[in-house]
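Visitor: What follows is target.cif; its format and atoms are mmCIF, C-alpha atoms.
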data_final
#
loop_
_atom_site.group_PDB
_atom_site.id
_atom_site.type_symbol
_atom_site.label_atom_id
_atom_site.label_comp_id
_atom_site.auth_asym_id
_atom_site.auth_seq_id
_atom_site.Cartn_x
_atom_site.Cartn_y
_atom_site.Cartn_z
ATOM 1 C CA MET K 21 52.458 135.091 53.837
ATOM 2 C CA ASN K 22 54.907 132.666 55.429
ATOM 3 C CA GLN K 23 57.565 130.652 53.576
ATOM 4 C CA ILE K 24 57.293 127.722 55.988
ATOM 5 C CA ASP K 25 53.498 127.570 55.610
ATOM 6 C CA THR K 26 53.833 127.808 51.846
ATOM 7 C CA GLY K 27 56.444 125.037 51.888
ATOM 8 C CA LYS K 28 54.214 122.710 53.901
ATOM 9 C CA PHE K 29 51.325 123.532 51.587
ATOM 10 C CA ILE K 30 53.392 122.663 48.493
ATOM 11 C CA ALA K 31 54.474 119.382 50.093
ATOM 12 C CA GLY K 32 50.876 118.482 50.983
ATOM 13 C CA CYS K 33 49.527 119.311 47.518
ATOM 14 C CA ARG K 34 52.372 117.385 45.883
ATOM 15 C CA LYS K 35 51.587 114.289 47.942
ATOM 16 C CA GLU K 36 47.872 114.635 47.135
ATOM 17 C CA LYS K 37 48.807 114.490 43.458
ATOM 18 C CA GLY K 38 50.930 111.383 44.097
ATOM 19 C CA LEU K 39 54.147 113.102 43.020
ATOM 20 C CA THR K 40 57.630 112.738 44.447
ATOM 21 C CA GLN K 41 59.908 115.762 44.720
ATOM 22 C CA ALA K 42 61.886 114.425 41.757
ATOM 23 C CA GLN K 43 58.741 113.997 39.628
ATOM 24 C CA LEU K 44 57.541 117.516 40.416
ATOM 25 C CA ALA K 45 61.005 118.868 39.660
ATOM 26 C CA GLU K 46 61.049 117.059 36.314
ATOM 27 C CA LYS K 47 57.708 118.559 35.305
ATOM 28 C CA LEU K 48 59.071 122.039 36.089
ATOM 29 C CA ASN K 49 62.491 121.343 34.526
ATOM 30 C CA ILE K 50 64.279 122.146 37.789
ATOM 31 C CA THR K 51 66.199 120.175 40.403
ATOM 32 C CA ASP K 52 64.562 118.259 43.243
ATOM 33 C CA ARG K 53 66.859 120.225 45.540
ATOM 34 C CA ALA K 54 64.915 123.377 44.593
ATOM 35 C CA VAL K 55 61.637 121.636 45.483
ATOM 36 C CA SER K 56 63.127 120.502 48.786
ATOM 37 C CA LYS K 57 64.106 124.101 49.602
ATOM 38 C CA TRP K 58 60.530 125.272 48.951
ATOM 39 C CA GLU K 59 59.026 122.571 51.132
ATOM 40 C CA THR K 60 61.385 123.279 54.031
ATOM 41 C CA GLY K 61 60.641 126.998 53.838
ATOM 42 C CA LYS K 62 64.167 128.020 52.836
ATOM 43 C CA CYS K 63 62.997 129.900 49.750
ATOM 44 C CA MET K 64 59.963 130.585 47.583
ATOM 45 C CA PRO K 65 59.327 129.345 44.032
ATOM 46 C CA ASP K 66 60.616 131.673 41.344
ATOM 47 C CA ALA K 67 57.932 133.903 39.837
ATOM 48 C CA SER K 68 58.722 132.550 36.358
ATOM 49 C CA ILE K 69 57.492 129.045 37.252
ATOM 50 C CA MET K 70 54.890 129.846 39.906
ATOM 51 C CA LEU K 71 51.928 129.673 37.511
ATOM 52 C CA GLU K 72 53.080 126.328 36.108
ATOM 53 C CA LEU K 73 53.601 125.004 39.638
ATOM 54 C CA CYS K 74 50.088 126.073 40.616
ATOM 55 C CA ASN K 75 48.627 124.361 37.544
ATOM 56 C CA ILE K 76 50.406 121.113 38.414
ATOM 57 C CA LEU K 77 49.297 121.232 42.050
ATOM 58 C CA GLY K 78 45.763 122.387 41.189
ATOM 59 C CA VAL K 79 45.868 125.535 43.325
ATOM 60 C CA THR K 80 45.788 129.281 42.725
ATOM 61 C CA VAL K 81 48.768 131.582 43.158
ATOM 62 C CA ASN K 82 46.930 133.245 46.034
ATOM 63 C CA GLU K 83 46.503 129.895 47.798
ATOM 64 C CA LEU K 84 50.156 129.060 47.209
ATOM 65 C CA LEU K 85 51.306 132.339 48.737
ATOM 66 C CA SER K 86 48.862 131.959 51.630
ATOM 67 C CA GLY K 87 49.936 128.381 52.308
ATOM 68 C CA GLU K 88 46.342 127.136 52.554
ATOM 69 C CA ARG K 89 43.146 126.526 50.661
ATOM 70 C CA ILE K 90 40.996 129.659 50.533
ATOM 71 C CA GLU K 91 37.222 129.848 50.633
ATOM 72 C CA MET K 92 35.680 132.169 48.056
ATOM 73 C CA ASN K 93 34.290 134.558 50.699
ATOM 74 C CA ASN K 94 37.835 135.089 52.040
ATOM 75 C CA TYR K 95 39.553 135.107 48.668
ATOM 76 C CA GLU K 96 39.695 138.871 48.077
ATOM 77 C CA GLU K 97 40.891 139.525 51.610
ATOM 78 C CA LYS K 98 43.732 137.018 51.215
ATOM 79 C CA VAL K 99 44.708 138.553 47.875
ATOM 80 C CA ASN K 100 45.072 141.952 49.513
ATOM 81 C CA GLU K 101 47.066 140.504 52.418
ATOM 82 C CA ASN K 102 49.478 138.729 50.084
ATOM 83 C CA LEU K 103 49.938 141.775 47.872
ATOM 84 C CA ILE K 104 50.679 143.956 50.901
ATOM 85 C CA GLU K 105 53.152 141.400 52.253
ATOM 86 C CA LEU K 106 54.923 141.089 48.898
ATOM 87 C CA LYS K 107 55.152 144.864 48.622
ATOM 88 C CA ARG K 108 56.505 145.122 52.173
ATOM 89 C CA LYS K 109 59.193 142.513 51.506
ATOM 90 C CA ASP K 110 60.190 144.220 48.277
ATOM 91 C CA GLU K 111 60.426 147.585 50.048
ATOM 92 C CA ASN K 112 62.542 146.087 52.860
ATOM 93 C CA ASN K 113 64.938 144.560 50.343
ATOM 94 C CA MET K 114 65.170 147.842 48.457
ATOM 95 C CA ASN K 115 65.877 149.732 51.688
ATOM 96 C CA LYS K 116 68.683 147.323 52.632
ATOM 97 C CA ASN K 117 70.169 147.511 49.150
ATOM 98 C CA ALA K 118 69.900 151.317 49.188
ATOM 99 C CA ILE K 119 71.882 151.495 52.449
ATOM 100 C CA ILE K 120 74.566 149.133 51.124
ATOM 101 C CA SER K 121 74.720 151.082 47.836
ATOM 102 C CA THR K 122 75.133 154.355 49.717
ATOM 103 C CA ILE K 123 77.976 152.976 51.844
ATOM 104 C CA TYR K 124 79.602 151.551 48.706
ATOM 105 C CA THR K 125 79.338 154.895 46.899
ATOM 106 C CA ILE K 126 80.760 156.822 49.869
ATOM 107 C CA ALA K 127 83.695 154.396 50.044
ATOM 108 C CA MET K 128 84.357 154.976 46.338
ATOM 109 C CA ILE K 129 84.249 158.766 46.786
ATOM 110 C CA ILE K 130 86.636 158.590 49.755
ATOM 111 C CA GLY K 131 89.014 156.453 47.687
ATOM 112 C CA ILE K 132 88.965 158.987 44.846
ATOM 113 C CA MET K 133 89.539 161.907 47.234
ATOM 114 C CA VAL K 134 92.461 160.190 48.960
ATOM 115 C CA CYS K 135 94.127 159.423 45.620
ATOM 116 C CA CYS K 136 93.627 162.972 44.335
ATOM 117 C CA ILE K 137 94.973 164.539 47.554
ATOM 118 C CA CYS K 138 98.050 162.282 47.516
ATOM 119 C CA ASP K 139 98.650 162.994 43.832
ATOM 120 C CA ILE K 140 98.448 166.772 44.321
ATOM 121 C CA ALA K 141 100.661 166.583 47.406
ATOM 122 C CA ILE K 142 103.343 164.633 45.515
ATOM 123 C CA SER K 143 103.077 166.001 41.957
ATOM 124 C CA GLY K 144 101.461 169.376 42.526
ATOM 125 C CA THR K 145 98.696 168.460 40.072
ATOM 126 C CA LEU K 146 96.475 165.563 39.008
ATOM 127 C CA THR K 147 98.515 162.945 37.151
ATOM 128 C CA TRP K 148 98.288 159.235 37.988
ATOM 129 C CA SER K 149 95.183 159.834 40.120
ATOM 130 C CA LEU K 150 93.176 160.447 36.922
ATOM 131 C CA ILE K 151 93.778 156.834 35.946
ATOM 132 C CA VAL K 152 92.554 155.654 39.338
ATOM 133 C CA LEU K 153 89.590 158.055 39.188
ATOM 134 C CA SER K 154 88.426 156.844 35.769
ATOM 135 C CA SER K 155 88.874 153.184 36.782
ATOM 136 C CA ILE K 156 86.871 153.659 39.984
ATOM 137 C CA LEU K 157 84.086 155.433 38.085
ATOM 138 C CA VAL K 158 83.838 152.574 35.567
ATOM 139 C CA THR K 159 83.780 150.063 38.410
ATOM 140 C CA TRP K 160 81.058 152.019 40.215
ATOM 141 C CA ILE K 161 78.880 152.425 37.109
ATOM 142 C CA THR K 162 78.981 148.715 36.304
ATOM 143 C CA SER K 163 78.639 147.372 39.864
ATOM 144 C CA PHE K 164 76.163 149.832 41.409
ATOM 145 C CA PRO K 165 73.055 148.427 39.608
ATOM 146 C CA VAL K 166 73.802 144.912 40.888
ATOM 147 C CA ILE K 167 74.312 146.122 44.469
ATOM 148 C CA LEU K 168 71.129 148.188 44.385
ATOM 149 C CA LEU K 169 68.830 145.861 42.421
ATOM 150 C CA GLY K 170 70.384 142.435 42.959
ATOM 151 C CA LYS K 171 69.769 139.977 40.120
ATOM 152 C CA ARG K 172 67.517 142.497 38.395
ATOM 153 C CA GLY K 173 70.497 144.819 38.066
ATOM 154 C CA VAL K 174 72.694 142.368 36.152
ATOM 155 C CA LEU K 175 71.178 143.313 32.793
ATOM 156 C CA VAL K 176 71.600 147.030 33.570
ATOM 157 C CA ALA K 177 75.241 146.402 34.507
ATOM 158 C CA MET K 178 75.804 144.452 31.283
ATOM 159 C CA ILE K 179 74.370 147.286 29.199
ATOM 160 C CA ALA K 180 76.425 149.854 31.117
ATOM 161 C CA ILE K 181 79.744 148.043 30.632
ATOM 162 C CA SER K 182 78.924 147.481 26.945
ATOM 163 C CA ILE K 183 78.463 151.236 26.461
ATOM 164 C CA ILE K 184 81.418 152.569 28.422
ATOM 165 C CA ILE K 185 84.209 150.009 28.047
ATOM 166 C CA VAL K 186 85.506 151.158 24.640
ATOM 167 C CA PRO K 187 85.417 154.907 25.527
ATOM 168 C CA PHE K 188 87.166 153.998 28.783
ATOM 169 C CA MET K 189 89.947 152.284 26.846
ATOM 170 C CA TYR K 190 90.366 155.400 24.715
ATOM 171 C CA ILE K 191 90.546 157.681 27.774
ATOM 172 C CA LEU K 192 92.965 155.283 29.456
ATOM 173 C CA SER K 193 95.247 155.286 26.402
ATOM 174 C CA ILE K 194 95.349 159.096 26.503
ATOM 175 C CA LEU K 195 96.099 159.190 30.241
ATOM 176 C CA ILE K 196 98.815 156.555 29.988
ATOM 177 C CA LYS K 197 99.986 157.934 26.624
ATOM 178 C CA VAL K 198 100.188 154.480 25.065
ATOM 179 C CA ASN K 199 98.122 154.100 21.880
ATOM 180 C CA GLU K 200 98.239 150.313 22.049
ATOM 181 C CA VAL K 201 96.054 150.408 25.170
ATOM 182 C CA PHE K 202 93.167 151.520 22.967
ATOM 183 C CA SER K 203 93.984 149.668 19.740
ATOM 184 C CA ILE K 204 94.461 146.341 21.507
ATOM 185 C CA GLY K 205 92.256 146.929 24.542
ATOM 186 C CA ALA K 206 89.191 147.935 22.503
ATOM 187 C CA ILE K 207 89.315 144.753 20.413
ATOM 188 C CA MET K 208 89.849 142.564 23.472
ATOM 189 C CA SER K 209 86.998 144.363 25.248
ATOM 190 C CA ILE K 210 84.579 143.770 22.369
ATOM 191 C CA ILE K 211 85.460 140.072 22.254
ATOM 192 C CA SER K 212 85.085 139.794 26.025
ATOM 193 C CA LEU K 213 81.721 141.579 25.905
ATOM 194 C CA ALA K 214 80.485 139.135 23.274
ATOM 195 C CA PHE K 215 81.531 136.281 25.562
ATOM 196 C CA LEU K 216 79.794 137.865 28.571
ATOM 197 C CA TRP K 217 76.539 138.377 26.645
ATOM 198 C CA ILE K 218 76.579 134.764 25.458
ATOM 199 C CA ILE K 219 77.105 133.578 29.042
ATOM 200 C CA TYR K 220 74.361 135.899 30.305
ATOM 201 C CA ALA K 221 71.924 134.486 27.731
ATOM 202 C CA LEU K 222 73.031 130.956 28.584
ATOM 203 C CA TYR K 223 72.417 131.328 32.324
ATOM 204 C CA TYR K 224 69.107 133.059 31.648
ATOM 205 C CA ARG K 225 67.987 130.180 29.428
ATOM 206 C CA LEU K 226 69.262 127.497 31.847
ATOM 207 C CA LYS K 227 68.628 129.288 35.140
ATOM 208 C CA GLU K 228 67.339 126.094 36.757
ATOM 209 C CA ARG K 229 70.273 124.020 35.452
ATOM 210 C CA LYS K 230 73.296 125.942 36.646
ATOM 211 C CA PHE K 231 75.608 122.931 36.454
ATOM 212 C CA LEU K 232 74.969 122.583 32.723
ATOM 213 C CA ALA K 233 75.242 126.349 32.166
ATOM 214 C CA THR K 234 78.578 126.422 34.002
ATOM 215 C CA GLY K 235 79.900 123.458 32.002
ATOM 216 C CA ILE K 236 78.960 125.082 28.693
ATOM 217 C CA THR K 237 80.518 128.352 29.889
ATOM 218 C CA PHE K 238 83.880 126.649 30.398
ATOM 219 C CA LEU K 239 83.545 124.972 26.993
ATOM 220 C CA PHE K 240 82.859 128.326 25.334
ATOM 221 C CA ALA K 241 85.927 129.757 27.081
ATOM 222 C CA ILE K 242 88.173 127.476 25.007
ATOM 223 C CA PRO K 243 87.406 128.911 21.521
ATOM 224 C CA PHE K 244 87.355 132.417 22.984
ATOM 225 C CA THR K 245 90.826 131.844 24.436
ATOM 226 C CA LEU K 246 92.091 130.649 21.059
ATOM 227 C CA LEU K 247 90.450 133.605 19.303
ATOM 228 C CA ILE K 248 92.051 136.129 21.663
ATOM 229 C CA ASN K 249 95.460 134.460 21.294
ATOM 230 C CA SER K 250 95.133 134.470 17.514
ATOM 231 C CA ILE K 251 94.292 138.186 17.404
ATOM 232 C CA LEU K 252 97.062 139.067 19.853
ATOM 233 C CA SER K 253 99.592 137.097 17.827
ATOM 234 C CA LYS K 254 98.798 139.218 14.766
ATOM 235 C CA MET K 255 98.895 142.481 16.714
ATOM 236 C CA ILE K 256 101.987 141.976 18.858
ATOM 237 C CA GLY K 257 103.754 139.159 17.024
ATOM 238 C CA GLU K 258 103.633 136.523 19.757
ATOM 239 C CA ALA K 259 102.954 132.837 19.308
ATOM 240 C CA VAL K 260 99.302 131.867 18.973
ATOM 241 C CA ILE K 261 99.552 129.216 21.633
ATOM 242 C CA ASP K 262 102.185 128.036 24.104
ATOM 243 C CA ILE K 263 102.449 125.373 26.790
ATOM 244 C CA TRP K 264 100.556 127.490 29.330
ATOM 245 C CA ASP K 265 97.680 127.986 26.914
ATOM 246 C CA ILE K 266 97.519 124.245 26.294
ATOM 247 C CA LEU K 267 97.483 123.634 30.035
ATOM 248 C CA SER K 268 94.714 126.250 30.500
ATOM 249 C CA ILE K 269 92.602 124.723 27.729
ATOM 250 C CA PHE K 270 93.066 121.255 29.233
ATOM 251 C CA ILE K 271 91.952 122.507 32.656
ATOM 252 C CA LEU K 272 88.943 124.318 31.148
ATOM 253 C CA LEU K 273 87.952 121.128 29.331
ATOM 254 C CA ILE K 274 88.201 119.013 32.489
ATOM 255 C CA ILE K 275 86.109 121.492 34.492
ATOM 256 C CA ALA K 276 83.513 121.718 31.695
ATOM 257 C CA VAL K 277 83.170 117.939 31.441
ATOM 258 C CA ALA K 278 82.899 117.640 35.244
ATOM 259 C CA PHE K 279 80.004 120.118 35.411
ATOM 260 C CA ILE K 280 78.204 118.568 32.432
ATOM 261 C CA ILE K 281 78.533 115.084 33.938
ATOM 262 C CA GLY K 282 77.305 116.495 37.235
ATOM 263 C CA ASP K 283 74.239 117.917 35.496
ATOM 264 C CA TYR K 284 73.608 114.604 33.726
ATOM 265 C CA ALA K 285 73.870 112.693 37.002
ATOM 266 C CA ARG K 286 71.406 115.033 38.707
ATOM 267 C CA ARG K 287 68.943 114.803 35.815
ATOM 268 C CA LYS K 288 69.242 111.021 35.752
ATOM 269 C CA GLY K 289 68.526 110.935 39.474
ATOM 270 C CA HIS K 290 65.377 113.019 38.911
ATOM 271 C CA ILE K 291 64.063 110.636 36.259
ATOM 272 C CA ARG K 292 64.422 107.738 38.638
#
Could you render the structure from this file as structure tokens?

Guide:
Amino acid sequence: MNQIDTGKFIAGCRKEKGLTQAQLAEKLNITDRAVSKWETGKCMPDASIMLELCNILGVTVNELLSGERIEMNNYEEKVNENLIELKRKDENNMNKNAIISTIYTIAMIIGIMVCCICDIAISGTLTWSLIVLSSILVTWITSFPVILLGKRGVLVAMIAISIIIVPFMYILSILIKVNEVFSIGAIMSIISLAFLWIIYALYYRLKERKFLATGITFLFAIPFTLLINSILSKMIGEAVIDIWDILSIFILLIIAVAFIIGDYARRKGHIR
């Protein structure tokens, strides 16, 4: 299985069907840039659209992965070769990620040990280092799945942070001895988690239209900013909105519109 061969095969099949890159991209609801990357061998089609791509091109998944038409007497052999190659690539990626994850974990442990040793040397016991320790543990728990599993680990990380963030705020309030850290922090954390889950769902739904997803994300950030300010104003007695908030909202709106226009321009170019 070779990405360059597969790319040339996709290009040939596309031309046989009388399709331009833009027309193929439109049928798959993706960008023509993605099609161009396939055909130049820079990347492979995503598994989620591979079957649809094969149906459009009139080929099998096995032929697509092989980068050539396959005679029936060689079909089973090619299937086995492609499966072995896919498994080998997956194992290589896992091995690389495992090494990086191990180094990352060791670095975290060293950081915790250094903080604890310094704290004991200065205070004679564990004081401020407990705050650092708990923060590093939360960071490790939420980032480790992404480092180890890549994109597949994002959902695991989201679930992990959703479970531990409120208990972490409670522990932090005890360590710092400030009750407001929990009372305010827990509410802010829940609101932020809701925002993150909405954005996660948005990017999952529009994974082939990242410009649009990014634009909508910045739009969603505006009501969330106002909501957080409104809650904070009731809890700590500050103004709901000031000049800096207005400036931030204005900037968010400009960025959102820019990305949405960018998505529209790209889609319009595909239709042509």

Visitor: Using only C-alpha atoms, which protein or nucleic acid residues come within 10 Å of Leu239 of chain K? Drop anything in the same chain fewer than 3 positions from it, and give the result as an MDAnalysis selection string.

Guide: chainID K and resid 233:236 242:244 269 272:277 280

Visitor: Residues of the last selection are to be written out with C-alpha atoms, as an mmCIF file, in the frame of the given file.

Guide:
data_model
loop_
_atom_site.group_PDB
_atom_site.id
_atom_site.type_symbol
_atom_site.label_atom_id
_atom_site.label_comp_id
_atom_site.auth_asym_id
_atom_site.auth_seq_id
_atom_site.Cartn_x
_atom_site.Cartn_y
_atom_site.Cartn_z
ATOM 1 C CA ALA K 233 75.242 126.349 32.166
ATOM 2 C CA THR K 234 78.578 126.422 34.002
ATOM 3 C CA GLY K 235 79.900 123.458 32.002
ATOM 4 C CA ILE K 236 78.960 125.082 28.693
ATOM 5 C CA ILE K 242 88.173 127.476 25.007
ATOM 6 C CA PRO K 243 87.406 128.911 21.521
ATOM 7 C CA PHE K 244 87.355 132.417 22.984
ATOM 8 C CA ILE K 269 92.602 124.723 27.729
ATOM 9 C CA LEU K 272 88.943 124.318 31.148
ATOM 10 C CA LEU K 273 87.952 121.128 29.331
ATOM 11 C CA ILE K 274 88.201 119.013 32.489
ATOM 12 C CA ILE K 275 86.109 121.492 34.492
ATOM 13 C CA ALA K 276 83.513 121.718 31.695
ATOM 14 C CA VAL K 277 83.170 117.939 31.441
ATOM 15 C CA ILE K 280 78.204 118.568 32.432
#

Visitor: Could you list, as an MDAnalysis selection string, every residue within 12 Å of segment 209-220 of chain K, counting all atoms listed in the file and ignoring same-chain residues fewer than 6 positions away?

Guide: chainID K and resid 171 174:190 201:203 226:227 230 232:249 251:252

Visitor: Could you list the residues chosen by the PyMOL selection byres ((chain K and resi 44-51) around 12) in this structure as a short mmCIF file (atom, residue, chain, number, x, y, z; two decimals) with C-alpha atoms, in the frame of the given file?

Guide:
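Output below, filename part.cif:
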data_model
loop_
_atom_site.label_atom_id
_atom_site.label_comp_id
_atom_site.auth_asym_id
_atom_site.auth_seq_id
_atom_site.Cartn_x
_atom_site.Cartn_y
_atom_site.Cartn_z
CA ILE K 30 53.39 122.66 48.49
CA ALA K 31 54.47 119.38 50.09
CA CYS K 33 49.53 119.31 47.52
CA ARG K 34 52.37 117.38 45.88
CA LYS K 35 51.59 114.29 47.94
CA LYS K 37 48.81 114.49 43.46
CA GLY K 38 50.93 111.38 44.10
CA LEU K 39 54.15 113.10 43.02
CA THR K 40 57.63 112.74 44.45
CA GLN K 41 59.91 115.76 44.72
CA ALA K 42 61.89 114.42 41.76
CA GLN K 43 58.74 114.00 39.63
CA ASP K 52 64.56 118.26 43.24
CA ARG K 53 66.86 120.22 45.54
CA ALA K 54 64.92 123.38 44.59
CA VAL K 55 61.64 121.64 45.48
CA SER K 56 63.13 120.50 48.79
CA LYS K 57 64.11 124.10 49.60
CA TRP K 58 60.53 125.27 48.95
CA GLU K 59 59.03 122.57 51.13
CA PRO K 65 59.33 129.34 44.03
CA ASP K 66 60.62 131.67 41.34
CA SER K 68 58.72 132.55 36.36
CA ILE K 69 57.49 129.04 37.25
CA MET K 70 54.89 129.85 39.91
CA LEU K 71 51.93 129.67 37.51
CA GLU K 72 53.08 126.33 36.11
CA LEU K 73 53.60 125.00 39.64
CA CYS K 74 50.09 126.07 40.62
CA ASN K 75 48.63 124.36 37.54
CA ILE K 76 50.41 121.11 38.41
CA LEU K 77 49.30 121.23 42.05
CA ARG K 225 67.99 130.18 29.43
CA LEU K 226 69.26 127.50 31.85
CA LYS K 227 68.63 129.29 35.14
CA GLU K 228 67.34 126.09 36.76
CA ARG K 229 70.27 124.02 35.45
CA LYS K 230 73.30 125.94 36.65
CA PHE K 231 75.61 122.93 36.45
CA LEU K 232 74.97 122.58 32.72
CA ASP K 283 74.24 117.92 35.50
CA TYR K 284 73.61 114.60 33.73
CA ALA K 285 73.87 112.69 37.00
CA ARG K 286 71.41 115.03 38.71
CA ARG K 287 68.94 114.80 35.82
CA LYS K 288 69.24 111.02 35.75
CA GLY K 289 68.53 110.94 39.47
CA HIS K 290 65.38 113.02 38.91
CA ILE K 291 64.06 110.64 36.26
CA ARG K 292 64.42 107.74 38.64
#

Visitor: Determine the nearest neighbour of Val79 of chain K from the options K:Ser163, K:Asn199, K:Ser143, K:Thr26, counting only C-alpha atoms.

Guide: K:Thr26

Visitor: Work out how far apart atom CA of Leu84 of chain K and atom CA of Thr60 of chain K are and give it in Å to one decimal.

Guide: 14.4 Å

Visitor: Excluding same-chain residues fewer than 4 positions from Met133 of chain K, what lies within 12 Å of it counting all atoms listed in the file, as a PDB file with C-alpha atoms, in the coordinates of the input?

Guide:
ATOM      1  CA  ILE K 126      80.760 156.822  49.869  1.00  0.00           C
ATOM      2  CA  ALA K 127      83.695 154.396  50.044  1.00  0.00           C
ATOM      3  CA  MET K 128      84.357 154.976  46.338  1.00  0.00           C
ATOM      4  CA  ILE K 129      84.249 158.766  46.786  1.00  0.00           C
ATOM      5  CA  ILE K 137      94.973 164.539  47.554  1.00  0.00           C
ATOM      6  CA  CYS K 138      98.050 162.282  47.516  1.00  0.00           C
ATOM      7  CA  ASP K 139      98.650 162.994  43.832  1.00  0.00           C
ATOM      8  CA  ILE K 140      98.448 166.772  44.321  1.00  0.00           C
ATOM      9  CA  LEU K 146      96.475 165.563  39.008  1.00  0.00           C
ATOM     10  CA  SER K 149      95.183 159.834  40.120  1.00  0.00           C
ATOM     11  CA  LEU K 150      93.176 160.447  36.922  1.00  0.00           C
ATOM     12  CA  VAL K 152      92.554 155.654  39.338  1.00  0.00           C
ATOM     13  CA  LEU K 153      89.590 158.055  39.188  1.00  0.00           C
ATOM     14  CA  ILE K 156      86.871 153.659  39.984  1.00  0.00           C
TER      15      ILE K 156
END

Visitor: Do you have the atom CA of Leu169 of chain K-atom CA of Gly205 of chain K distance handy?

Guide: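 Computed distance, atom CA of Leu169 of chain K to atom CA of Gly205 of chain K, equals 29.5 Å.
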
Visitor: What's the separation between atom CA of Gly144 of chain K and atom CA of Lys197 of chain K, in Å to one decimal place?

Guide: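 Answer for the atom CA of Gly144 of chain K to atom CA of Lys197 of chain K separation: 19.6 Å.
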
Visitor: Could you give me the centre and size, in Å to one decimal, of an axis-aligned box around all listed atoms of segment 136-143 of chain K with 8 Å added on every side, as AutoDock Vina command-line options?

Guide:
--center_x 98.5 --center_y 164.5 --center_z 44.8 --size_x 25.7 --size_y 20.5 --size_z 21.6

Visitor: From the options K:Asn82, K:Asn22, K:Ser155, K:Asn115, which residue's atoms come nearest to Gly131 of chain K, counting all atoms listed in the file?

Guide: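 Of K:Asn82, K:Asn22, K:Ser155, K:Asn115, the one nearest Gly131 of chain K is K:Ser155, counting all atoms listed in the file.
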